[in-house]
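Have a look at the structure below before the remarks.
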Amino acid sequence: MTYTRAIGIGCDFIIKRIVRGLALSKIHPNALTFIGLLINVYAAVLLAQGNFWAGGWVIVGAALFDMVDGRVARETNQVTRFGGFFDSVLDRYSDLGLLMGLLVYYGSINRPWYVVLTAVVMTASVMISYTRSRAENTIPKCKVGFMERPERMVLMMIGTLFNRMAPVLWVIAILGNITVIHRMIYTYHEAKRLEESQLRLAGEARAVGK
């Protein structure tokens, strides 16, 4: 067994025990989601103060709540359509809150270019989720791209804990917008394929009708 495999099994064991304990406590999954938001707000305050290392550990704690709320919902048979919607909305607030903290910090130390870079990252973060949501009103699925929320949060943890926030922002800004473009191109081709298929079926139906 490899070290990474052993670490994965160990982490999964711990998370399962946490989920079981939370399920027994009868706490509502939506409450866990909201607690995760509050923890991220605290992390944003720390980032605004320039305390990246402490903020990074708080982000790790918030990520734990983000991992377990859905599992608790499934464990307690409380999976609802609203729960998924609520989780998605609060995730957006959490993401933007952390980036707002960075905006305040870079503004306070007079780094206008980093303020602009952070704003670009904020735009990419919103557009990644928006393009998927909007695309799936047109095509069945649009889960392409490699800069979704888990990847962004891992990068935020790396940037804060190892004091490498600037390079991380550049990576998210570039790859995030590439993900948006990828989803636009994918949606274009899938929508075109579906339209052509519908036209072909309509033509065959007219041919049969004759």
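Naming scheme: A, B, ... for chains in displayed order of the structure tokens; residues 1 onward per chain; ligands 1 onward as shown.
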
Give me the residues of range 67-131 of chain A that have any atom at most 8 Å from an atom of range 147-166 of chain A; for each, the nearest atom pair and the distance in Å, rounded to one decimal. Use only C-alpha atoms, sort by chain and number, and format it as a Markdown table.
```
| residue | atom | partner | partner_atom | distance |
| --- | --- | --- | --- | --- |
| A:Tyr114 | CA | A:Ala166 | CA | 7.7 |
| A:Ser125 | CA | A:Arg149 | CA | 8.0 |
| A:Ile128 | CA | A:Glu148 | CA | 7.1 |
| A:Ser129 | CA | A:Glu148 | CA | 7.9 |
```

Any chance you can output those residues with N, CA and C atoms as a compact mmCIF listing (two decimals), in the first residue's frame?
```txt
# COMPACT_ATOMS: atom_id res chain seq x y z
N TYR A 114 -2.57 43.83 -7.45
CA TYR A 114 -3.08 42.62 -6.80
C TYR A 114 -4.58 42.75 -6.51
N SER A 125 -14.30 32.91 -10.65
CA SER A 125 -14.99 32.00 -9.72
C SER A 125 -16.49 32.01 -9.94
N ILE A 128 -17.33 30.47 -13.55
CA ILE A 128 -17.19 29.01 -13.66
C ILE A 128 -18.50 28.33 -13.26
N SER A 129 -19.07 28.76 -12.15
CA SER A 129 -20.34 28.16 -11.71
C SER A 129 -21.50 28.62 -12.59
```

*Could you give me the residues within range 13-198 of chain A that DSSP places in alpha helix (DSSP H), as a ChimeraX atom specification?*
/A:13-25,29-48,52-75,81-108,112-135,149-161,165-198

Could you save those same residues with C-alpha atoms as a short mmCIF file (atom, residue, chain, number, x, y, z; two decimals), in the first residue's frame?
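out-v9.cif, freshly written:
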```cif
data_model
loop_
_atom_site.label_atom_id
_atom_site.label_comp_id
_atom_site.auth_asym_id
_atom_site.auth_seq_id
_atom_site.Cartn_x
_atom_site.Cartn_y
_atom_site.Cartn_z
CA PHE A 13 -12.03 6.79 8.34
CA ILE A 14 -11.91 10.07 10.30
CA ILE A 15 -14.53 11.75 8.11
CA LYS A 16 -16.88 8.78 8.46
CA ARG A 17 -16.59 8.97 12.25
CA ILE A 18 -17.28 12.70 12.17
CA VAL A 19 -20.30 12.17 9.93
CA ARG A 20 -21.61 9.44 12.21
CA GLY A 21 -21.22 11.67 15.27
CA LEU A 22 -22.95 14.62 13.59
CA ALA A 23 -25.75 12.34 12.41
CA LEU A 24 -26.29 11.11 15.97
CA SER A 25 -26.34 14.70 17.23
CA PRO A 29 -27.28 19.44 7.33
CA ASN A 30 -28.28 22.98 6.34
CA ALA A 31 -27.04 24.17 9.74
CA LEU A 32 -23.65 22.61 8.98
CA THR A 33 -23.60 24.42 5.64
CA PHE A 34 -24.33 27.73 7.38
CA ILE A 35 -21.65 27.10 10.02
CA GLY A 36 -19.18 26.51 7.18
CA LEU A 37 -20.10 29.93 5.77
CA LEU A 38 -19.53 31.61 9.15
CA ILE A 39 -16.12 29.95 9.46
CA ASN A 40 -15.17 31.22 6.00
CA VAL A 41 -16.29 34.73 6.99
CA TYR A 42 -13.88 34.53 9.94
CA ALA A 43 -11.15 33.34 7.56
CA ALA A 44 -11.90 36.34 5.32
CA VAL A 45 -11.40 38.68 8.30
CA LEU A 46 -8.02 37.08 8.99
CA LEU A 47 -7.02 37.43 5.34
CA ALA A 48 -8.07 41.10 5.38
CA PHE A 52 -2.66 34.34 5.95
CA TRP A 53 -1.29 31.39 7.94
CA ALA A 54 -4.10 31.46 10.53
CA GLY A 55 -6.63 32.18 7.79
CA GLY A 56 -5.42 29.12 5.89
CA TRP A 57 -6.07 26.83 8.84
CA VAL A 58 -9.52 28.33 9.29
CA ILE A 59 -10.21 27.64 5.60
CA VAL A 60 -9.18 24.02 6.22
CA GLY A 61 -11.73 23.86 9.06
CA ALA A 62 -14.44 25.33 6.85
CA ALA A 63 -13.61 22.78 4.14
CA LEU A 64 -14.29 20.02 6.66
CA PHE A 65 -17.86 21.28 7.11
CA ASP A 66 -18.17 21.52 3.34
CA MET A 67 -17.19 17.86 3.02
CA VAL A 68 -19.52 16.48 5.68
CA ASP A 69 -22.81 18.38 5.22
CA GLY A 70 -23.85 16.35 2.18
CA ARG A 71 -22.75 13.10 3.80
CA VAL A 72 -24.72 13.90 6.95
CA ALA A 73 -27.77 14.63 4.78
CA ARG A 74 -27.45 11.20 3.14
CA GLU A 75 -26.73 9.46 6.47
CA ARG A 81 -33.59 19.72 -3.56
CA PHE A 82 -33.44 22.87 -1.46
CA GLY A 83 -30.46 21.53 0.48
CA GLY A 84 -28.41 21.24 -2.70
CA PHE A 85 -29.47 24.72 -3.78
CA PHE A 86 -28.71 26.19 -0.33
CA ASP A 87 -25.27 24.56 -0.28
CA SER A 88 -24.44 25.94 -3.73
CA VAL A 89 -25.52 29.48 -2.87
CA LEU A 90 -23.56 29.57 0.40
CA ASP A 91 -20.51 28.14 -1.38
CA ARG A 92 -20.56 31.20 -3.67
CA TYR A 93 -20.78 33.53 -0.67
CA SER A 94 -17.89 31.68 0.99
CA ASP A 95 -15.69 31.91 -2.10
CA LEU A 96 -16.38 35.59 -2.67
CA GLY A 97 -16.01 36.37 1.04
CA LEU A 98 -12.47 34.98 1.10
CA LEU A 99 -11.54 36.95 -2.01
CA MET A 100 -13.08 40.10 -0.53
CA GLY A 101 -10.76 39.63 2.43
CA LEU A 102 -7.82 39.60 0.01
CA LEU A 103 -9.16 42.72 -1.73
CA VAL A 104 -9.24 44.56 1.60
CA TYR A 105 -5.71 43.42 2.45
CA TYR A 106 -4.15 44.33 -0.90
CA GLY A 107 -5.98 47.64 -0.87
CA SER A 108 -4.70 48.41 2.65
CA PRO A 112 -3.50 48.05 -6.89
CA TRP A 113 -2.37 45.36 -9.33
CA TYR A 114 -3.08 42.62 -6.80
CA VAL A 115 -6.49 44.20 -6.19
CA VAL A 116 -7.16 43.89 -9.94
CA LEU A 117 -5.82 40.32 -9.99
CA THR A 118 -8.07 39.35 -7.08
CA ALA A 119 -11.04 40.93 -8.87
CA VAL A 120 -10.24 38.84 -11.96
CA VAL A 121 -10.19 35.71 -9.75
CA MET A 122 -13.56 36.71 -8.27
CA THR A 123 -15.00 37.08 -11.76
CA ALA A 124 -13.62 33.71 -12.86
CA SER A 125 -14.99 32.00 -9.72
CA VAL A 126 -18.48 33.32 -10.38
CA MET A 127 -18.37 32.61 -14.11
CA ILE A 128 -17.19 29.01 -13.66
CA SER A 129 -20.34 28.16 -11.71
CA TYR A 130 -22.58 30.41 -13.84
CA THR A 131 -21.50 28.90 -17.17
CA ARG A 132 -22.23 25.40 -15.89
CA SER A 133 -25.62 26.41 -14.46
CA ARG A 134 -26.62 28.29 -17.62
CA ALA A 135 -25.27 25.63 -19.96
CA ARG A 149 -14.44 24.78 -6.43
CA PRO A 150 -12.47 21.90 -4.79
CA GLU A 151 -9.40 22.74 -6.87
CA ARG A 152 -9.74 26.45 -6.09
CA MET A 153 -10.09 25.81 -2.36
CA VAL A 154 -7.03 23.54 -2.29
CA LEU A 155 -5.05 26.25 -4.05
CA MET A 156 -6.31 28.84 -1.54
CA MET A 157 -5.11 26.60 1.30
CA ILE A 158 -1.69 26.21 -0.34
CA GLY A 159 -1.41 29.95 -0.98
CA THR A 160 -2.30 30.94 2.57
CA LEU A 161 -0.49 28.23 4.53
CA MET A 165 -0.93 33.74 -2.37
CA ALA A 166 0.19 35.83 -5.37
CA PRO A 167 1.22 32.82 -7.55
CA VAL A 168 -1.96 31.02 -6.53
CA LEU A 169 -4.09 33.97 -7.63
CA TRP A 170 -2.35 33.98 -11.02
CA VAL A 171 -3.00 30.24 -11.44
CA ILE A 172 -6.69 30.57 -10.55
CA ALA A 173 -7.10 33.67 -12.73
CA ILE A 174 -5.60 32.01 -15.80
CA LEU A 175 -6.90 28.46 -15.43
CA GLY A 176 -10.27 29.66 -14.11
CA ASN A 177 -10.94 31.73 -17.21
CA ILE A 178 -9.66 28.90 -19.42
CA THR A 179 -12.26 26.69 -17.71
CA VAL A 180 -14.97 29.23 -18.54
CA ILE A 181 -13.87 29.33 -22.20
CA HIS A 182 -13.71 25.52 -22.27
CA ARG A 183 -17.30 25.31 -21.02
CA MET A 184 -18.46 27.84 -23.60
CA ILE A 185 -16.85 25.86 -26.43
CA TYR A 186 -18.18 22.56 -25.07
CA THR A 187 -21.69 23.97 -24.76
CA TYR A 188 -21.52 25.33 -28.31
CA HIS A 189 -20.61 21.93 -29.76
CA GLU A 190 -23.10 20.00 -27.59
CA ALA A 191 -25.94 22.41 -28.35
CA LYS A 192 -25.15 22.21 -32.06
CA ARG A 193 -25.08 18.41 -31.90
CA LEU A 194 -28.46 18.31 -30.14
CA GLU A 195 -30.00 20.74 -32.62
CA GLU A 196 -28.73 18.70 -35.57
CA SER A 197 -30.07 15.53 -33.96
CA GLN A 198 -33.48 17.14 -33.44
#
```

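Taking CA of His28 in chain A as the reference point, CA of Glu136 in chain A is found at 28.9 Å.
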
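Between CA of Arg200 in chain A and CA of Pro140 in chain A the interatomic distance comes to 19.0 Å.
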
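Coordinates place CA of Arg111 in chain A at a distance of 28.9 Å from CA of Phe146 in chain A.
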
*Between A:Val208, A:Ala202, A:Ile109, A:Val79, which one has atoms that come closest to Gln49 in chain A, using only C-alpha atoms?*
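Of all the options, A:Ile109 lies closest to Gln49 in chain A.
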